[in-house]
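*Asks:* My file is upload09.txt. It has compact mmCIF, C-alpha atoms:
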# COMPACT_ATOMS: atom_id res chain seq x y z
CA MET H 19 12.42 5.63 9.11
CA ILE H 20 9.14 7.50 9.35
CA LYS H 21 9.17 9.52 12.54
CA LYS H 22 6.66 12.20 11.65
CA ILE H 23 2.97 11.44 12.02
CA PHE H 24 0.20 13.99 11.61
CA VAL H 25 -3.54 13.68 12.16
CA ILE H 26 -6.03 16.15 10.71
CA GLU H 27 -9.79 16.15 10.34
CA GLY H 28 -12.01 17.62 7.65
CA CYS H 29 -14.90 17.35 5.26
CA PRO H 30 -13.42 17.76 1.77
CA ALA H 31 -15.88 17.58 -1.15
CA ASN H 32 -13.89 15.09 -3.20
CA LYS H 33 -10.66 13.14 -3.32
CA GLU H 34 -8.68 15.98 -4.89
CA GLU H 35 -9.58 18.26 -1.99
CA ALA H 36 -8.82 15.48 0.45
CA LEU H 37 -5.39 14.91 -1.08
CA LYS H 38 -4.80 18.66 -1.00
CA MET H 39 -5.55 18.81 2.72
CA THR H 40 -3.04 16.09 3.51
CA PHE H 41 -0.50 17.63 1.13
CA GLU H 42 -0.84 21.07 2.75
CA LYS H 43 -0.17 19.63 6.19
CA LEU H 44 2.88 17.71 4.97
CA TYR H 45 4.10 20.78 3.07
CA ASP H 46 3.63 23.13 6.04
CA GLU H 47 5.61 20.68 8.15
CA LYS H 48 8.37 20.76 5.51
CA CYS H 49 8.13 17.02 4.83
CA VAL H 50 7.33 17.27 1.11
CA LYS H 51 8.08 19.50 -1.88
CA ASP H 52 5.36 21.50 -3.63
CA SER H 53 5.39 18.93 -6.46
CA PHE H 54 4.08 16.27 -4.04
CA TYR H 55 0.42 17.15 -4.59
CA GLU H 56 0.53 16.77 -8.38
CA GLY H 57 2.52 13.58 -7.87
CA CYS H 58 -0.23 12.15 -5.65
CA ILE H 59 -2.99 13.15 -8.07
CA THR H 60 -1.19 11.62 -11.05
CA ARG H 61 -0.40 8.45 -9.14
CA GLU H 62 -3.95 8.12 -7.87
CA LYS H 63 -5.26 8.35 -11.44
CA SER H 64 -3.02 5.58 -12.78
CA PHE H 65 -2.81 3.48 -9.63
CA PRO H 66 -5.70 4.18 -7.30
CA THR H 67 -5.25 3.38 -3.61
CA GLY H 68 -8.75 2.84 -2.20
CA LEU H 69 -8.89 -0.29 -0.04
CA ASP H 70 -12.15 -2.00 0.86
CA THR H 71 -11.00 -2.88 4.35
CA LYS H 72 -13.75 -3.32 6.99
CA ILE H 73 -13.54 0.42 7.56
CA PRO H 74 -12.47 1.55 4.07
CA VAL H 75 -9.37 3.73 3.67
CA ALA H 76 -7.18 5.15 0.94
CA ILE H 77 -3.39 5.03 1.11
CA PRO H 78 -2.19 7.58 -1.46
CA HIS H 79 1.53 8.08 -2.03
CA THR H 80 3.88 9.13 -4.77
CA ASP H 81 7.50 9.03 -5.91
CA SER H 82 10.13 9.64 -3.27
CA LYS H 83 11.61 12.49 -5.33
CA HIS H 84 8.76 14.67 -4.03
CA VAL H 85 9.55 13.80 -0.41
CA ILE H 86 11.95 15.63 1.90
CA VAL H 87 11.39 13.75 5.17
CA PRO H 88 9.40 10.50 5.42
CA ALA H 89 6.04 11.19 7.08
CA VAL H 90 2.42 10.08 7.22
CA CYS H 91 -0.55 12.42 7.33
CA VAL H 92 -3.82 10.80 8.36
CA LEU H 93 -7.02 12.62 7.43
CA LYS H 94 -10.12 11.65 9.39
CA LEU H 95 -13.08 12.34 7.14
CA ASP H 96 -16.30 13.75 8.58
CA ARG H 97 -18.11 12.09 5.71
CA PRO H 98 -16.82 9.38 3.36
CA ILE H 99 -15.15 10.25 0.05
CA SER H 100 -15.19 8.09 -3.05
CA PHE H 101 -11.86 6.60 -4.22
CA CYS H 102 -11.18 4.12 -6.98
CA MET H 103 -10.07 0.74 -5.69
CA MET H 104 -6.50 -0.48 -5.88
CA GLU H 105 -7.60 -4.02 -6.68
CA ASP H 106 -9.90 -2.99 -9.52
CA ASP H 107 -9.83 0.56 -10.85
CA THR H 108 -13.30 0.22 -12.37
CA LYS H 109 -14.76 -0.05 -8.86
CA LYS H 110 -15.12 2.61 -6.21
CA VAL H 111 -15.11 2.57 -2.45
CA ASP H 112 -16.22 5.26 0.02
CA VAL H 113 -13.34 5.74 2.41
CA ASN H 114 -13.42 7.04 6.00
CA PHE H 115 -9.72 7.77 6.41
CA ILE H 116 -6.87 8.81 4.19
CA PHE H 117 -3.36 7.73 5.10
CA ASN H 118 -1.13 9.83 2.88
CA MET H 119 2.31 8.27 2.99
CA ALA H 120 5.31 10.41 2.09
CA LEU H 121 7.93 7.73 1.57
CA LYS H 122 11.60 7.46 0.74
CA SER H 123 12.68 4.42 -1.20
CA ASN H 124 14.90 2.73 1.36
CA ASP H 125 13.97 -0.68 2.58
CA ASP H 126 14.02 0.19 6.28
CA GLN H 127 10.44 1.32 5.76
CA LEU H 128 9.17 -2.24 5.71
CA ASP H 129 8.53 -2.42 9.43
CA MET H 130 6.65 0.88 9.42
CA LEU H 131 4.67 0.01 6.29
CA ASN H 132 3.65 -3.30 7.83
CA LYS H 133 2.44 -1.44 10.91
CA ILE H 134 0.48 1.09 8.84
CA ILE H 135 -1.16 -1.72 6.90
CA ALA H 136 -1.97 -3.52 10.16
CA THR H 137 -3.64 -0.33 11.38
CA VAL H 138 -5.81 0.13 8.28
CA GLN H 139 -7.05 -3.43 8.87
CA ASN H 140 -7.68 -2.76 12.57
CA VAL H 141 -11.38 -2.04 13.14
CA GLU H 142 -10.85 -1.27 16.82
CA ILE H 143 -8.34 1.53 16.19
CA LEU H 144 -10.31 3.10 13.35
CA SER H 145 -13.75 2.91 14.98
CA ASN H 146 -12.35 4.41 18.20
CA ALA H 147 -10.77 7.19 16.18
CA LYS H 148 -14.20 8.44 15.17
CA ASN H 149 -14.87 9.54 18.75
CA GLN H 150 -11.33 10.60 19.57
CA SER H 151 -9.72 14.01 19.31
CA ASP H 152 -7.01 14.34 16.67
CA LYS H 153 -4.44 14.27 19.46
CA GLU H 154 -5.82 11.09 21.02
CA PHE H 155 -5.87 9.38 17.63
CA LYS H 156 -2.35 10.56 16.88
CA ASP H 157 -1.08 9.30 20.25
CA ARG H 158 -2.58 5.91 19.46
CA LEU H 159 -0.90 5.82 16.04
CA VAL H 160 2.44 6.84 17.54
CA SER H 161 2.13 4.05 20.11
CA GLU H 162 1.28 1.52 17.39
CA TRP H 163 3.90 2.61 14.87
CA ILE H 164 6.86 4.10 16.68
CA GLU H 165 7.04 3.30 20.38
CA MET G 14 17.55 -29.34 -5.53
CA GLY G 15 16.76 -27.21 -8.56
CA ARG G 16 16.93 -23.49 -8.95
CA PRO G 17 14.96 -20.95 -6.91
CA ILE G 18 11.75 -19.56 -8.35
CA LYS G 19 12.19 -16.09 -9.77
CA ALA G 20 9.34 -13.79 -8.75
CA MET G 21 8.55 -10.13 -9.25
CA VAL G 22 6.38 -8.10 -6.89
CA ALA G 23 5.02 -4.94 -8.46
CA CYS G 24 3.03 -1.89 -7.41
CA GLY G 25 2.54 1.63 -8.74
CA SER G 26 5.60 3.10 -7.04
CA GLY G 27 7.67 -0.02 -6.58
CA ILE G 28 8.39 1.02 -2.99
CA ALA G 29 5.25 1.01 -0.88
CA THR G 30 2.60 -1.65 -1.27
CA SER G 31 4.98 -4.02 -3.10
CA THR G 32 7.28 -3.88 -0.05
CA VAL G 33 4.47 -5.07 2.21
CA ALA G 34 3.30 -7.70 -0.28
CA ALA G 35 6.85 -8.96 -0.93
CA ASN G 36 7.30 -9.57 2.77
CA ALA G 37 4.08 -11.61 2.93
CA ILE G 38 5.00 -13.55 -0.22
CA LYS G 39 8.48 -14.37 1.10
CA GLU G 40 6.84 -15.88 4.19
CA ILE G 41 4.67 -18.13 1.99
CA PHE G 42 7.71 -19.41 0.09
CA ASP G 43 9.50 -20.04 3.40
CA GLU G 44 6.50 -21.92 4.70
CA VAL G 45 6.34 -24.30 1.74
CA GLY G 46 10.14 -24.61 1.72
CA ILE G 47 10.71 -23.33 -1.79
CA GLU G 48 13.57 -20.95 -2.50
CA VAL G 49 12.69 -17.66 -4.14
CA ASN G 50 14.55 -14.79 -5.72
CA LEU G 51 12.25 -11.81 -5.26
CA ILE G 52 12.63 -8.61 -7.18
CA LYS G 53 10.48 -5.54 -6.64
CA GLY G 54 9.37 -3.24 -9.38
CA THR G 55 6.73 -0.95 -10.75
CA VAL G 56 3.64 -1.95 -12.70
CA SER G 57 5.08 -0.30 -15.83
CA GLU G 58 8.11 -2.62 -15.61
CA ILE G 59 5.99 -5.79 -15.60
CA ALA G 60 5.83 -6.16 -19.37
CA THR G 61 9.63 -6.06 -19.79
CA LYS G 62 10.56 -8.03 -16.67
CA ALA G 63 7.96 -10.77 -17.17
CA ASP G 64 10.29 -12.66 -19.53
CA GLU G 65 12.96 -12.85 -16.81
CA VAL G 66 10.75 -14.22 -14.02
CA ASP G 67 8.57 -17.27 -13.37
CA ILE G 68 5.70 -15.43 -11.72
CA VAL G 69 4.53 -11.87 -11.10
CA PHE G 70 2.62 -10.63 -8.06
CA VAL G 71 0.89 -7.26 -8.28
CA THR G 72 -1.06 -5.09 -5.81
CA ASN G 73 -2.91 -3.13 -8.52
CA CYS G 74 -5.17 -4.38 -11.25
CA TYR G 75 -3.23 -5.47 -14.32
CA ARG G 76 -5.10 -6.57 -17.41
CA GLU G 77 -2.39 -7.12 -20.03
CA LYS G 78 -1.37 -10.62 -21.04
CA ILE G 79 2.17 -11.54 -20.03
CA SER G 80 4.40 -14.57 -20.56
CA CYS G 81 4.13 -15.93 -17.01
CA PRO G 82 1.40 -16.33 -14.35
CA ILE G 83 0.31 -13.12 -12.62
CA VAL G 84 -1.42 -13.03 -9.24
CA ASN G 85 -3.20 -10.08 -7.65
CA VAL G 86 -2.17 -9.64 -4.02
CA THR G 87 -4.24 -6.68 -2.79
CA ALA G 88 -5.54 -9.14 -0.15
CA PHE G 89 -2.25 -8.68 1.73
CA LEU G 90 -3.11 -5.00 2.15
CA THR G 91 -6.78 -5.31 3.03
CA GLY G 92 -6.55 -8.54 5.02
CA ILE G 93 -9.78 -9.55 3.28
CA LYS G 94 -9.75 -13.18 2.09
CA ARG G 95 -6.07 -13.31 3.00
CA GLU G 96 -6.13 -17.01 3.93
CA LYS G 97 -7.75 -17.88 0.61
CA LYS G 98 -5.06 -15.91 -1.22
CA VAL G 99 -2.27 -17.62 0.72
CA ALA G 100 -3.72 -21.03 -0.19
CA GLU G 101 -4.01 -20.00 -3.86
CA ILE G 102 -0.39 -18.81 -3.95
CA LYS G 103 0.88 -21.97 -2.24
CA GLU G 104 -0.81 -24.09 -4.87
CA ILE G 105 0.57 -21.98 -7.73
CA ILE G 106 4.16 -21.97 -6.48
CA LEU G 107 4.14 -25.70 -5.72
CA ASP G 108 2.97 -26.31 -9.31
CA LEU G 109 5.58 -23.90 -10.66
CA ASN G 110 8.30 -25.63 -8.67
CA GLU G 111 7.22 -28.99 -10.13
CA THR G 112 7.48 -27.57 -13.64
CA ILE G 113 10.79 -25.80 -13.17
CA ASN G 114 12.69 -28.30 -11.03
Using structure tokens, write down the structure that the file contains.

*Replies:*
Amino acid sequence: MIKKIFVIEGCPANKEEALKMTFEKLYDEKCVKDSFYEGCITREKSFPTGLDTKIPVAIPHTDSKHVIVPAVCVLKLDRPISFCMMEDDTKKVDVNFIFNMALKSNDDQLDMLNKIIATVQNVEILSNAKNQSDKEFKDRLVSEWIE
Amino acid sequence: MGRPIKAMVACGSGIATSTVAANAIKEIFDEVGIEVNLIKGTVSEIATKADEVDIVFVTNCYREKISCPIVNVTAFLTGIKREKKVAEIKEIILDLNETIN
């Protein structure tokens, strides 16, 4: 089960920097190995994760071998960053949030994954987050996903 | 009663978005009352596993030709045009079931 949720905010220049920011948080919190970042970059190149939800997001992730403890790091972007789209890698979408998911391969993640996907589709949660502190946003995610 | 439909759900990792999509797809099969054997896998496994299944669902874009129908299911992640996708899948699996059983 994913019990660790982190929220950070920033204005990275591109998706590599954005992925690095989420990786560094997950690494500092000892949730992922140092190979996680390269894993995310490689994965994003072959299988991009931009979603054109009403408020667009990206949901990067990589192989579980790079993960120590399942966790999610959400990066709230001060300005949108361009990601290639999962549905069609020739198209791009400017995303407002990055949900970097450090996952293990066991099936008990289904419930959590369903909740994360419900959140990325939830305009109310994401539009509120723009005016919330990182802590307020995190508390909301914890209440949606864990409690 | 014939045999269940064999379906593969694939994504880049085989563990994240395919897990969410597989759950949604299972619900569609339940709704139309058709049995399904679902396997999950990665996009790179599609080419080899396609011969063993009746239909492939994928969350990424996949442009190669394979031996069975392939349906993109990113709609289950975005929620955009989800109802349309559900209707499309129902039609496809009802047709498949006709053919197989």

*Asks:* For atom CA of H:Ala147 and atom CA of G:Val86, determine how far apart the two atoms are, in Å to one decimal place.

*Replies:*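 These atoms are spaced 27.7 Å apart.
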
*Asks:* Please determine the contact residues of chain H with respect to chain G at a cut-off of 7 Å, counting all atoms listed in the file, and supply them as a count of residues only.

*Replies:* 16

*Asks:* Excluding G:Ile59 and any residue of its chain fewer than 2 positions from it, enumerate the residues within 12 Å of it, using all atoms listed in the file, and give them as a PyMOL selection string.

*Replies:* chain G and resi 20-25+27+52-57+61-71+73+75-83

*Asks:* Quote the spacing between atom CA of H:Thr40 and atom CA of H:Asn114 in Å to one decimal place.

*Replies:*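 A separation of 14.0 Å between them.
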
*Asks:* If we count all atoms listed in the file, what is near stretch 98-114 of chain G at a cut-off of 8 Å, once residues fewer than 3 positions away on the same chain are taken out, given as a compact mmCIF listing (two decimals) with C-alpha atoms, in the frame of the given file?

*Replies:*
# COMPACT_ATOMS: atom_id res chain seq x y z
CA MET G 14 17.55 -29.34 -5.53
CA GLY G 15 16.76 -27.21 -8.56
CA ARG G 16 16.93 -23.49 -8.95
CA ILE G 18 11.75 -19.56 -8.35
CA ILE G 41 4.67 -18.13 1.99
CA PHE G 42 7.71 -19.41 0.09
CA VAL G 45 6.34 -24.30 1.74
CA ILE G 47 10.71 -23.33 -1.79
CA ASP G 67 8.57 -17.27 -13.37
CA VAL G 84 -1.42 -13.03 -9.24
CA VAL G 86 -2.17 -9.64 -4.02
CA ALA G 88 -5.54 -9.14 -0.15
CA LYS G 94 -9.75 -13.18 2.09
CA ARG G 95 -6.07 -13.31 3.00

*Asks:* Write stretch 126-158 of chain H as a compact mmCIF listing (two decimals), in the frame of the given file, completed to N, CA and C atoms.

*Replies:*
# COMPACT_ATOMS: atom_id res chain seq x y z
N ASP H 126 14.28 0.22 4.84
CA ASP H 126 14.02 0.19 6.28
C ASP H 126 12.60 0.67 6.60
N GLN H 127 11.83 0.93 5.54
CA GLN H 127 10.44 1.32 5.76
C GLN H 127 9.52 0.13 5.95
N LEU H 128 10.04 -1.06 5.69
CA LEU H 128 9.17 -2.24 5.71
C LEU H 128 8.40 -2.37 7.02
N ASP H 129 9.14 -2.24 8.12
CA ASP H 129 8.53 -2.42 9.43
C ASP H 129 7.38 -1.43 9.63
N MET H 130 7.66 -0.17 9.27
CA MET H 130 6.65 0.88 9.42
C MET H 130 5.46 0.63 8.49
N LEU H 131 5.75 0.27 7.24
CA LEU H 131 4.67 0.01 6.29
C LEU H 131 3.79 -1.14 6.77
N ASN H 132 4.41 -2.18 7.29
CA ASN H 132 3.65 -3.30 7.83
C ASN H 132 2.73 -2.84 8.96
N LYS H 133 3.25 -1.93 9.78
CA LYS H 133 2.44 -1.44 10.91
C LYS H 133 1.28 -0.57 10.41
N ILE H 134 1.56 0.25 9.39
CA ILE H 134 0.48 1.09 8.84
C ILE H 134 -0.61 0.20 8.25
N ILE H 135 -0.19 -0.82 7.51
CA ILE H 135 -1.16 -1.72 6.90
C ILE H 135 -1.94 -2.48 7.98
N ALA H 136 -1.26 -2.86 9.05
CA ALA H 136 -1.97 -3.52 10.16
C ALA H 136 -3.02 -2.58 10.75
N THR H 137 -2.69 -1.30 10.83
CA THR H 137 -3.64 -0.33 11.38
C THR H 137 -4.85 -0.14 10.47
N VAL H 138 -4.64 -0.08 9.17
CA VAL H 138 -5.81 0.13 8.28
C VAL H 138 -6.74 -1.09 8.31
N GLN H 139 -6.20 -2.23 8.75
CA GLN H 139 -7.05 -3.43 8.87
C GLN H 139 -7.67 -3.55 10.26
N ASN H 140 -7.28 -2.63 11.16
CA ASN H 140 -7.68 -2.76 12.57
C ASN H 140 -8.96 -1.97 12.86
N VAL H 141 -10.08 -2.69 12.95
CA VAL H 141 -11.38 -2.04 13.14
C VAL H 141 -11.44 -1.30 14.47
N GLU H 142 -10.81 -1.87 15.48
CA GLU H 142 -10.85 -1.27 16.82
C GLU H 142 -10.22 0.13 16.80
N ILE H 143 -9.03 0.23 16.23
CA ILE H 143 -8.34 1.53 16.19
C ILE H 143 -9.16 2.55 15.40
N LEU H 144 -9.64 2.14 14.22
CA LEU H 144 -10.31 3.10 13.35
C LEU H 144 -11.71 3.48 13.87
N SER H 145 -12.42 2.53 14.48
CA SER H 145 -13.75 2.91 14.98
C SER H 145 -13.61 3.79 16.23
N ASN H 146 -12.60 3.52 17.06
CA ASN H 146 -12.35 4.41 18.20
C ASN H 146 -12.00 5.82 17.75
N ALA H 147 -11.25 5.89 16.65
CA ALA H 147 -10.77 7.19 16.18
C ALA H 147 -11.92 8.15 15.89
N LYS H 148 -13.06 7.58 15.51
CA LYS H 148 -14.20 8.44 15.17
C LYS H 148 -14.63 9.30 16.35
N ASN H 149 -14.46 8.78 17.55
CA ASN H 149 -14.87 9.54 18.75
C ASN H 149 -13.69 10.16 19.49
N GLN H 150 -12.51 10.06 18.90
CA GLN H 150 -11.33 10.60 19.57
C GLN H 150 -10.97 11.97 19.01
N SER H 151 -10.29 12.77 19.84
CA SER H 151 -9.72 14.01 19.31
C SER H 151 -8.56 13.64 18.40
N ASP H 152 -8.14 14.60 17.56
CA ASP H 152 -7.01 14.34 16.67
C ASP H 152 -5.77 13.93 17.49
N LYS H 153 -5.62 14.57 18.65
CA LYS H 153 -4.44 14.27 19.46
C LYS H 153 -4.50 12.84 20.01
N GLU H 154 -5.68 12.45 20.49
CA GLU H 154 -5.82 11.09 21.02
C GLU H 154 -5.53 10.04 19.94
N PHE H 155 -6.07 10.30 18.75
CA PHE H 155 -5.87 9.38 17.63
C PHE H 155 -4.39 9.34 17.26
N LYS H 156 -3.77 10.51 17.22
CA LYS H 156 -2.35 10.56 16.88
C LYS H 156 -1.51 9.79 17.91
N ASP H 157 -1.84 10.01 19.20
CA ASP H 157 -1.08 9.30 20.25
C ASP H 157 -1.19 7.79 20.06
N ARG H 158 -2.39 7.34 19.68
CA ARG H 158 -2.58 5.91 19.46
C ARG H 158 -1.72 5.42 18.29
